[in-house]
Every structure is written in structure tokens, then in C-alpha cells.
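Listing of structure.pdb; format and content: PDB, C-alpha atoms, pLDDT in the B column.
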```pdb
ATOM      1  CA  MET I   1     -61.898  -2.380  44.668  1.00 45.00           C
ATOM      2  CA  ASP I   2     -61.295  -2.276  48.452  1.00 51.00           C
ATOM      3  CA  ARG I   3     -57.989  -2.832  50.221  1.00 47.00           C
ATOM      4  CA  LYS I   4     -58.601  -6.523  51.057  1.00 48.00           C
ATOM      5  CA  ALA I   5     -59.383  -7.279  47.431  1.00 45.00           C
ATOM      6  CA  LEU I   6     -56.179  -5.548  46.301  1.00 41.00           C
ATOM      7  CA  ILE I   7     -54.077  -7.543  48.766  1.00 45.00           C
ATOM      8  CA  GLY I   8     -55.741 -10.795  47.690  1.00 47.00           C
ATOM      9  CA  ALA I   9     -55.150 -10.019  44.021  1.00 42.00           C
ATOM     10  CA  ALA I  10     -51.462  -9.271  44.663  1.00 44.00           C
ATOM     11  CA  ILE I  11     -50.983 -12.582  46.466  1.00 44.00           C
ATOM     12  CA  LEU I  12     -52.745 -14.515  43.717  1.00 40.00           C
ATOM     13  CA  LEU I  13     -50.496 -12.861  41.126  1.00 37.00           C
ATOM     14  CA  MET I  14     -47.490 -14.133  43.062  1.00 45.00           C
ATOM     15  CA  GLY I  15     -48.885 -17.638  42.744  1.00 44.00           C
ATOM     16  CA  LEU I  16     -49.004 -18.147  46.504  1.00 46.00           C
ATOM     17  CA  PRO I  17     -51.949 -19.637  48.399  1.00 46.00           C
ATOM     18  CA  ILE I  18     -53.772 -17.593  51.018  1.00 43.00           C
ATOM     19  CA  ASN I  19     -54.080 -19.359  54.342  1.00 47.00           C
ATOM     20  CA  GLY I  20     -55.527 -17.233  57.112  1.00 47.00           C
ATOM     21  CA  SER I  21     -54.630 -19.741  59.834  1.00 50.00           C
ATOM     22  CA  ALA I  22     -50.958 -19.556  58.823  1.00 48.00           C
ATOM     23  CA  GLN I  23     -50.668 -15.787  59.245  1.00 47.00           C
ATOM     24  CA  LYS I  24     -48.330 -15.252  62.149  1.00 86.00           C
ATOM     25  CA  PHE I  25     -46.041 -12.718  63.759  1.00 94.00           C
ATOM     26  CA  GLU I  26     -42.460 -13.626  64.694  1.00 95.00           C
ATOM     27  CA  VAL I  27     -39.844 -11.755  66.715  1.00 97.00           C
ATOM     28  CA  ALA I  28     -36.216 -12.867  66.786  1.00 97.00           C
ATOM     29  CA  PRO I  29     -33.643 -11.122  69.015  1.00 98.00           C
ATOM     30  CA  TYR I  30     -30.168 -12.181  67.916  1.00 97.00           C
ATOM     31  CA  VAL I  31     -26.438 -11.716  68.407  1.00 98.00           C
ATOM     32  CA  GLY I  32     -23.707 -12.187  65.828  1.00 97.00           C
ATOM     33  CA  TYR I  33     -20.321 -11.222  64.481  1.00 98.00           C
ATOM     34  CA  ARG I  34     -19.959  -8.611  61.725  1.00 97.00           C
ATOM     35  CA  PHE I  35     -16.970  -8.110  59.478  1.00 94.00           C
ATOM     36  CA  GLY I  36     -16.038  -6.002  56.459  1.00 89.00           C
ATOM     37  CA  GLY I  37     -16.529  -2.285  55.840  1.00 90.00           C
ATOM     38  CA  LYS I  38     -13.637  -0.707  53.962  1.00 86.00           C
ATOM     39  CA  PHE I  39     -13.242   2.667  52.248  1.00 83.00           C
ATOM     40  CA  THR I  40     -10.457   3.128  49.692  1.00 81.00           C
ATOM     41  CA  ASN I  41      -9.063   6.260  48.006  1.00 77.00           C
ATOM     42  CA  VAL I  42     -10.107   8.373  50.973  1.00 80.00           C
ATOM     43  CA  ASN I  43      -8.865  11.953  51.108  1.00 76.00           C
ATOM     44  CA  ASP I  44      -8.057  12.987  54.689  1.00 70.00           C
ATOM     45  CA  PRO I  45      -6.890  16.629  54.753  1.00 66.00           C
ATOM     46  CA  ASN I  46      -5.765  16.121  58.346  1.00 65.00           C
ATOM     47  CA  ASN I  47      -3.393  13.236  57.571  1.00 65.00           C
ATOM     48  CA  SER I  48      -1.878  12.623  54.124  1.00 65.00           C
ATOM     49  CA  LEU I  49      -0.948   9.044  55.102  1.00 60.00           C
ATOM     50  CA  VAL I  50      -4.602   8.025  55.418  1.00 70.00           C
ATOM     51  CA  ASN I  51      -5.897   6.512  52.182  1.00 75.00           C
ATOM     52  CA  THR I  52      -7.914   3.496  53.341  1.00 82.00           C
ATOM     53  CA  LEU I  53     -10.365   3.299  56.241  1.00 84.00           C
ATOM     54  CA  LYS I  54     -11.560   0.064  57.816  1.00 88.00           C
ATOM     55  CA  VAL I  55     -14.508  -0.597  60.123  1.00 93.00           C
ATOM     56  CA  GLU I  56     -13.153  -2.948  62.766  1.00 93.00           C
ATOM     57  CA  ASN I  57     -14.751  -6.417  62.917  1.00 95.00           C
ATOM     58  CA  SER I  58     -16.862  -6.809  66.051  1.00 96.00           C
ATOM     59  CA  PHE I  59     -19.910  -8.357  67.658  1.00 97.00           C
ATOM     60  CA  ALA I  60     -23.351  -7.003  66.767  1.00 97.00           C
ATOM     61  CA  PHE I  61     -26.893  -7.555  67.985  1.00 97.00           C
ATOM     62  CA  GLY I  62     -30.382  -6.746  66.783  1.00 97.00           C
ATOM     63  CA  LEU I  63     -34.006  -7.698  66.302  1.00 98.00           C
ATOM     64  CA  ILE I  64     -35.931  -9.135  63.342  1.00 98.00           C
ATOM     65  CA  ALA I  65     -39.733  -8.964  63.137  1.00 97.00           C
ATOM     66  CA  ASP I  66     -41.813 -10.768  60.501  1.00 97.00           C
ATOM     67  CA  PHE I  67     -45.532 -10.591  59.746  1.00 96.00           C
ATOM     68  CA  PHE I  68     -46.600 -13.475  57.488  1.00 93.00           C
ATOM     69  CA  VAL I  69     -49.150 -12.518  54.855  1.00 93.00           C
ATOM     70  CA  THR I  70     -49.066 -16.063  53.407  1.00 90.00           C
ATOM     71  CA  PRO I  71     -47.523 -19.324  54.653  1.00 87.00           C
ATOM     72  CA  ALA I  72     -44.397 -18.528  52.613  1.00 91.00           C
ATOM     73  CA  VAL I  73     -44.127 -14.713  52.471  1.00 94.00           C
ATOM     74  CA  ALA I  74     -43.669 -12.158  55.249  1.00 96.00           C
ATOM     75  CA  ILE I  75     -43.166  -8.433  55.569  1.00 97.00           C
ATOM     76  CA  GLU I  76     -39.908  -8.067  57.478  1.00 98.00           C
ATOM     77  CA  GLY I  77     -38.472  -5.237  59.539  1.00 98.00           C
ATOM     78  CA  SER I  78     -35.078  -5.388  61.219  1.00 97.00           C
ATOM     79  CA  PHE I  79     -32.760  -3.396  63.431  1.00 95.00           C
ATOM     80  CA  ALA I  80     -29.055  -4.108  63.970  1.00 97.00           C
ATOM     81  CA  TYR I  81     -26.439  -2.355  66.100  1.00 97.00           C
ATOM     82  CA  GLN I  82     -22.646  -2.669  65.947  1.00 97.00           C
ATOM     83  CA  PRO I  83     -20.341  -0.873  68.407  1.00 96.00           C
ATOM     84  CA  THR I  84     -16.915  -0.728  66.793  1.00 95.00           C
ATOM     85  CA  GLN I  85     -14.017   1.536  65.750  1.00 93.00           C
ATOM     86  CA  MET I  86     -12.929   3.178  62.520  1.00 89.00           C
ATOM     87  CA  LYS I  87      -9.275   2.526  61.785  1.00 86.00           C
ATOM     88  CA  ALA I  88      -6.816   3.958  59.287  1.00 81.00           C
ATOM     89  CA  ASP I  89      -5.645   0.888  57.345  1.00 75.00           C
ATOM     90  CA  ILE I  90      -1.999   1.904  56.866  1.00 71.00           C
ATOM     91  CA  PRO I  91       0.449  -0.976  56.171  1.00 66.00           C
ATOM     92  CA  ASN I  92       2.530  -1.884  59.234  1.00 64.00           C
ATOM     93  CA  MET I  93       1.012   0.863  61.400  1.00 63.00           C
ATOM     94  CA  PRO I  94      -2.810   0.845  61.489  1.00 67.00           C
ATOM     95  CA  PHE I  95      -4.304   3.124  64.114  1.00 76.00           C
ATOM     96  CA  GLU I  96      -7.740   3.957  65.489  1.00 81.00           C
ATOM     97  CA  LEU I  97      -9.326   7.200  64.297  1.00 80.00           C
ATOM     98  CA  PHE I  98     -12.504   7.190  66.404  1.00 86.00           C
ATOM     99  CA  ASP I  99     -15.175   5.024  68.014  1.00 92.00           C
ATOM    100  CA  LEU I 100     -18.041   4.193  65.662  1.00 94.00           C
ATOM    101  CA  LYS I 101     -21.623   3.014  66.210  1.00 95.00           C
ATOM    102  CA  VAL I 102     -23.223   1.456  63.123  1.00 96.00           C
ATOM    103  CA  THR I 103     -27.023   1.111  63.239  1.00 97.00           C
ATOM    104  CA  TRP I 104     -28.933  -0.598  60.452  1.00 95.00           C
ATOM    105  CA  TYR I 105     -32.684  -0.058  59.804  1.00 98.00           C
ATOM    106  CA  GLN I 106     -34.337  -2.208  57.140  1.00 98.00           C
ATOM    107  CA  ILE I 107     -37.740  -3.262  55.781  1.00 98.00           C
ATOM    108  CA  GLY I 108     -38.529  -5.722  53.015  1.00 98.00           C
ATOM    109  CA  LEU I 109     -39.825  -9.191  52.198  1.00 98.00           C
ATOM    110  CA  ARG I 110     -38.984 -12.634  53.471  1.00 97.00           C
ATOM    111  CA  PHE I 111     -39.556 -15.794  51.446  1.00 97.00           C
ATOM    112  CA  GLU I 112     -39.401 -19.196  53.135  1.00 92.00           C
ATOM    113  CA  THR I 113     -40.377 -22.804  52.647  1.00 86.00           C
ATOM    114  CA  PRO I 114     -44.134 -23.193  53.331  1.00 76.00           C
ATOM    115  CA  ARG I 115     -44.926 -23.234  57.012  1.00 67.00           C
ATOM    116  CA  GLN I 116     -46.193 -26.405  58.662  1.00 65.00           C
ATOM    117  CA  ASP I 117     -47.891 -27.020  61.997  1.00 62.00           C
ATOM    118  CA  GLU I 118     -45.346 -29.619  63.122  1.00 62.00           C
ATOM    119  CA  PRO I 119     -41.821 -28.543  64.218  1.00 61.00           C
ATOM    120  CA  LYS I 120     -39.356 -28.929  61.367  1.00 74.00           C
ATOM    121  CA  PRO I 121     -36.405 -27.037  59.854  1.00 84.00           C
ATOM    122  CA  ARG I 122     -37.251 -24.452  57.210  1.00 87.00           C
ATOM    123  CA  GLY I 123     -35.063 -22.137  55.176  1.00 93.00           C
ATOM    124  CA  PHE I 124     -35.647 -18.513  54.201  1.00 96.00           C
ATOM    125  CA  LEU I 125     -34.352 -15.653  52.068  1.00 97.00           C
ATOM    126  CA  SER I 126     -34.897 -11.970  52.946  1.00 98.00           C
ATOM    127  CA  VAL I 127     -34.439  -8.952  50.674  1.00 98.00           C
ATOM    128  CA  THR I 128     -34.538  -5.545  52.367  1.00 98.00           C
ATOM    129  CA  GLY I 129     -33.796  -1.852  51.914  1.00 98.00           C
ATOM    130  CA  GLY I 130     -33.470   1.068  54.280  1.00 98.00           C
ATOM    131  CA  ALA I 131     -30.792   3.212  55.885  1.00 98.00           C
ATOM    132  CA  THR I 132     -27.534   2.888  57.806  1.00 97.00           C
ATOM    133  CA  SER I 133     -26.571   5.345  60.539  1.00 95.00           C
ATOM    134  CA  LEU I 134     -22.862   5.748  61.325  1.00 93.00           C
ATOM    135  CA  MET I 135     -22.271   7.715  64.529  1.00 93.00           C
ATOM    136  CA  ALA I 136     -18.645   8.686  65.083  1.00 90.00           C
ATOM    137  CA  SER I 137     -17.412   9.965  68.431  1.00 84.00           C
ATOM    138  CA  ASP I 138     -16.751  13.738  68.037  1.00 76.00           C
ATOM    139  CA  ASN I 139     -17.093  13.386  64.245  1.00 78.00           C
ATOM    140  CA  GLY I 140     -20.834  13.673  63.678  1.00 81.00           C
ATOM    141  CA  THR I 141     -23.355  11.178  62.336  1.00 87.00           C
ATOM    142  CA  GLU I 142     -23.843  10.033  58.745  1.00 89.00           C
ATOM    143  CA  THR I 143     -27.071   8.409  57.491  1.00 93.00           C
ATOM    144  CA  LYS I 144     -26.860   6.655  54.117  1.00 94.00           C
ATOM    145  CA  PRO I 145     -29.188   4.452  52.012  1.00 96.00           C
ATOM    146  CA  SER I 146     -28.532   0.740  52.286  1.00 97.00           C
ATOM    147  CA  PHE I 147     -29.816  -2.701  51.318  1.00 97.00           C
ATOM    148  CA  GLY I 148     -29.370  -6.272  52.448  1.00 97.00           C
ATOM    149  CA  PHE I 149     -29.800  -9.969  51.714  1.00 96.00           C
ATOM    150  CA  SER I 150     -30.251 -12.651  54.380  1.00 97.00           C
ATOM    151  CA  LEU I 151     -30.133 -16.421  54.029  1.00 97.00           C
ATOM    152  CA  GLY I 152     -30.837 -18.721  56.931  1.00 97.00           C
ATOM    153  CA  GLY I 153     -32.917 -21.355  58.622  1.00 95.00           C
ATOM    154  CA  GLU I 154     -35.222 -21.865  61.604  1.00 93.00           C
ATOM    155  CA  TYR I 155     -36.174 -24.805  63.772  1.00 92.00           C
ATOM    156  CA  PHE I 156     -39.145 -24.684  66.154  1.00 88.00           C
ATOM    157  CA  PHE I 157     -39.140 -26.877  69.268  1.00 88.00           C
ATOM    158  CA  SER I 158     -42.789 -26.016  69.858  1.00 85.00           C
ATOM    159  CA  LYS I 159     -45.516 -23.928  68.208  1.00 83.00           C
ATOM    160  CA  ASN I 160     -44.151 -20.701  69.694  1.00 87.00           C
ATOM    161  CA  VAL I 161     -40.416 -21.105  70.411  1.00 91.00           C
ATOM    162  CA  GLY I 162     -37.531 -21.870  68.101  1.00 93.00           C
ATOM    163  CA  VAL I 163     -34.006 -20.928  67.069  1.00 96.00           C
ATOM    164  CA  VAL I 164     -32.669 -19.149  63.994  1.00 96.00           C
ATOM    165  CA  LEU I 165     -29.266 -19.093  62.271  1.00 97.00           C
ATOM    166  CA  LEU I 166     -28.569 -16.716  59.402  1.00 97.00           C
ATOM    167  CA  GLY I 167     -25.944 -15.051  57.267  1.00 97.00           C
ATOM    168  CA  ARG I 168     -26.451 -11.510  56.028  1.00 97.00           C
ATOM    169  CA  TYR I 169     -24.870  -9.198  53.470  1.00 97.00           C
ATOM    170  CA  MET I 170     -25.156  -5.438  54.021  1.00 96.00           C
ATOM    171  CA  GLY I 171     -24.363  -2.708  51.507  1.00 96.00           C
ATOM    172  CA  THR I 172     -24.294   1.029  52.321  1.00 95.00           C
ATOM    173  CA  PHE I 173     -24.029   3.655  49.553  1.00 94.00           C
ATOM    174  CA  PHE I 174     -21.772   6.720  49.586  1.00 89.00           C
ATOM    175  CA  ASN I 175     -21.912   9.290  46.758  1.00 87.00           C
ATOM    176  CA  SER I 176     -18.931  10.744  44.910  1.00 80.00           C
ATOM    177  CA  ASN I 177     -17.416  13.832  46.542  1.00 75.00           C
ATOM    178  CA  ASP I 178     -19.214  13.002  49.777  1.00 74.00           C
ATOM    179  CA  GLN I 179     -17.809  14.771  52.810  1.00 76.00           C
ATOM    180  CA  PHE I 180     -18.283  12.675  55.917  1.00 78.00           C
ATOM    181  CA  PHE I 181     -17.199  12.260  59.531  1.00 81.00           C
ATOM    182  CA  CYS I 182     -16.628  15.994  59.930  1.00 79.00           C
ATOM    183  CA  PRO I 183     -14.997  16.937  63.279  1.00 75.00           C
ATOM    184  CA  GLU I 184     -17.335  18.820  65.587  1.00 68.00           C
ATOM    185  CA  VAL I 185     -14.505  21.156  66.625  1.00 63.00           C
ATOM    186  CA  GLY I 186     -11.715  22.072  64.172  1.00 63.00           C
ATOM    187  CA  GLY I 187     -10.237  19.917  61.416  1.00 67.00           C
ATOM    188  CA  ASP I 188     -11.557  18.985  57.979  1.00 73.00           C
ATOM    189  CA  CYS I 189     -14.023  16.387  56.737  1.00 81.00           C
ATOM    190  CA  LEU I 190     -13.009  13.133  55.085  1.00 79.00           C
ATOM    191  CA  GLN I 191     -13.772  12.980  51.353  1.00 81.00           C
ATOM    192  CA  LEU I 192     -14.513  10.271  48.796  1.00 79.00           C
ATOM    193  CA  PRO I 193     -13.547  11.156  45.204  1.00 76.00           C
ATOM    194  CA  SER I 194     -15.947   8.593  43.697  1.00 79.00           C
ATOM    195  CA  SER I 195     -19.120   6.690  44.589  1.00 85.00           C
ATOM    196  CA  THR I 196     -18.552   3.614  46.701  1.00 87.00           C
ATOM    197  CA  THR I 197     -20.400   0.930  48.639  1.00 91.00           C
ATOM    198  CA  MET I 198     -19.421  -0.136  52.133  1.00 92.00           C
ATOM    199  CA  HIS I 199     -19.690  -3.946  52.123  1.00 95.00           C
ATOM    200  CA  GLN I 200     -20.319  -5.835  55.354  1.00 97.00           C
ATOM    201  CA  ALA I 201     -21.355  -9.375  56.252  1.00 97.00           C
ATOM    202  CA  GLU I 202     -22.716 -10.904  59.431  1.00 97.00           C
ATOM    203  CA  ILE I 203     -23.160 -14.374  60.885  1.00 97.00           C
ATOM    204  CA  SER I 204     -25.706 -14.526  63.691  1.00 97.00           C
ATOM    205  CA  GLY I 205     -28.102 -16.662  65.678  1.00 98.00           C
ATOM    206  CA  GLY I 206     -30.935 -16.136  68.104  1.00 98.00           C
ATOM    207  CA  VAL I 207     -34.261 -17.196  69.582  1.00 97.00           C
ATOM    208  CA  VAL I 208     -37.541 -17.002  67.624  1.00 95.00           C
ATOM    209  CA  LEU I 209     -40.842 -16.241  69.366  1.00 94.00           C
ATOM    210  CA  ALA I 210     -43.989 -16.807  67.301  1.00 90.00           C
ATOM    211  CA  PHE I 211     -47.437 -15.400  68.090  1.00 87.00           C
TER     212      PHE I 211
END
```
Take the structure I supplied and represent it as C-alpha cells, if you would.
Amino acid sequence: MDRKALIGAAILLMGLPINGSAQKFEVAPYVGYRFGGKFTNVNDPNNSLVNTLKVENSFAFGLIADFFVTPAVAIEGSFAYQPTQMKADIPNMPFELFDLKVTWYQIGLRFETPRQDEPKPRGFLSVTGGATSLMASDNGTETKPSFGFSLGGEYFFSKNVGVVLLGRYMGTFFNSNDQFFCPEVGGDCLQLPSSTTMHQAEISGGVVLAF
């Protein structure tokens, strides 16, 4: 069985119609606001007062690309970048530890209401997996596995141009006894005594270009 037959069989098993004319490619640059990202029970050998770390809420921007294999299903890839700071979340005296750049790389599937030729609103759900890169100034870079869920909607003013609004959840995994954000010169690494997930959420909007 050749590759085209395998792809056709997989789509039929999903119960989705094949429509060659509906196969499209979309690109959506966007900007948004991201919040969340807390670490608890952190062991900082350099400062015994530090127990909880918090990624500062900030603006983020990125790009989403979708290739539609059916009128309702697409293969989705996305990139998101957040320039922010890591803060020690100490009651009554929080302070900044270092600048942080959070970059999110994901690939997965997008499911949406069947596409129509005429402009109309349509909703979608995306499920993705990939990696998160956390680059700390003078404290190295950490790359961890991550996953995400997106829920949103699009409206096209014409066949090729529209707008998108979405909400996204992002989870990044850290293992137990992980040592991370190690100073490049002197000092000790931060440590997590148990496995944890860094939870973040994002509200964003942008322009959609369809080809």
C-alpha cells in the first residue's frame, strides 16, 4: 500500500471527508499576553529565603502555521516567544533574579468546524506537543518537554485574509531532582525536590493569511 493510500485510509478511519479543493495552508502571526509560571519548593543554595519562583506576566508573540489535510483537520506547527523575568516570590519583598526568554516550539493537530467558501466565523481546538526553551541571562538555557491546548475562533473577510482570537494553555515538565538555571560563573544551581509542571496561559489575537 503506497503513502497516498495510507493517508486516505487514516482519514476515512477518522470519519472525515476528503476534499482536495479544501486543502489549504494558513499562517497567523499574533501577539498576546501570557501569565502564570510558578515553581514551588525550590531549593536555592545561594539564598535560603528563596522557596518559590515566578515567571513574570508579560506580552508574547509568535506564529502559527496550519496545513489542512481535510476541511476540518490540519497539521499545526507553532512558535511563541516571551521576553520576561524570573522573580523570587517572597512575601512582602519579591525581587528579580534574572531576565528570562521563554520560547515555545510545538507541533500537533487542529480540529475546526468544516471550512466553507463564504466568509463566516469558525471555531477550532488544537492539541500539540513539543519543547520549551528557557534562556536565563548568565544562568544558562534549559530545554524541557511541553504540551499545549488552544481554543479559539477565526473570521475571514475574504478568501485569503482574516483575524484570529485564541486562548492557550501551556504546560512544561520538570523532573524531580532537576538542577536548572546554573550560573555560568560561580554559585550553585537551583533544584527541584520533586517533579513539577510549569503552568502558563495566554490570550492572543492576530491576522490570518490563507493560501
Q: Considering all atoms listed in the file, return as a ChimeraX atom specification whatever protein or nucleic-acid residues lie within 7 Å of Gly171 of chain I, sequence-local ones (same chain, fewer than 2 positions apart) excluded.
A: /I:146-148,169,173,197-200
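Residues surrounding segment 56-73 of chain I within 6 Å are Ile18, Ala22, Gln23, Lys24, Phe25, Glu26, Val27, Ala28, Pro29, Tyr30, Val31, Gly32, Tyr33, Arg34, Phe35, Gly77, Ser78, Phe79, Ala80, Tyr81, Gln82, Thr84, Gln85, Arg110, Phe111, Glu112, Thr113, Pro114 and Arg115 of chain I [all atoms listed in the file; sequence separation below 4 positions excluded].
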(Q) Could you tell me, as a PyMOL selection string, exactly which residues end up selected when the PyMOL selection byres ((chain I and resi 189) around 8) is applied to this structure? (A) chain I and resi 44-45+179-183+187-188+190-191
Q. What gap, in Å, lies between atom CA of Gly123 of chain I and atom CA of Gly108 of chain I?
A.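 Spanning atom CA of Gly123 of chain I to atom CA of Gly108 of chain I is a straight-line distance of 16.9 Å.
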(Q) To one decimal place in Å, what is the distance between atom CA of Phe211 of chain I and atom CA of Phe149 of chain I? (A) 24.7 Å
**Q.** Output of the PyMOL selection byres ((chain I and resi 165) around 8), listed as a VMD selection string
**A.** chain I and resid 152 to 154 163 to 164 166 to 167 203 to 206
Q) So how many Å separate atom CA of Ile107 of chain I and atom CA of Ser126 of chain I, to one decimal? A) 9.6 Å
Q) Which residue out of I:Ala74, I:Pro121, I:Thr40, I:Thr128 has the minimum interatomic distance to Asp89 of chain I when all atoms listed in the file are used? A)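 The shortest atom-to-atom distance to Asp89 of chain I comes from I:Thr40.
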Q) Which one is closest to Ile75 of chain I: I:Val50, I:Leu97, I:Val55, I:Leu125? Count only C-alpha atoms. A)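 Smallest separation from Ile75 of chain I among the options: I:Leu125.
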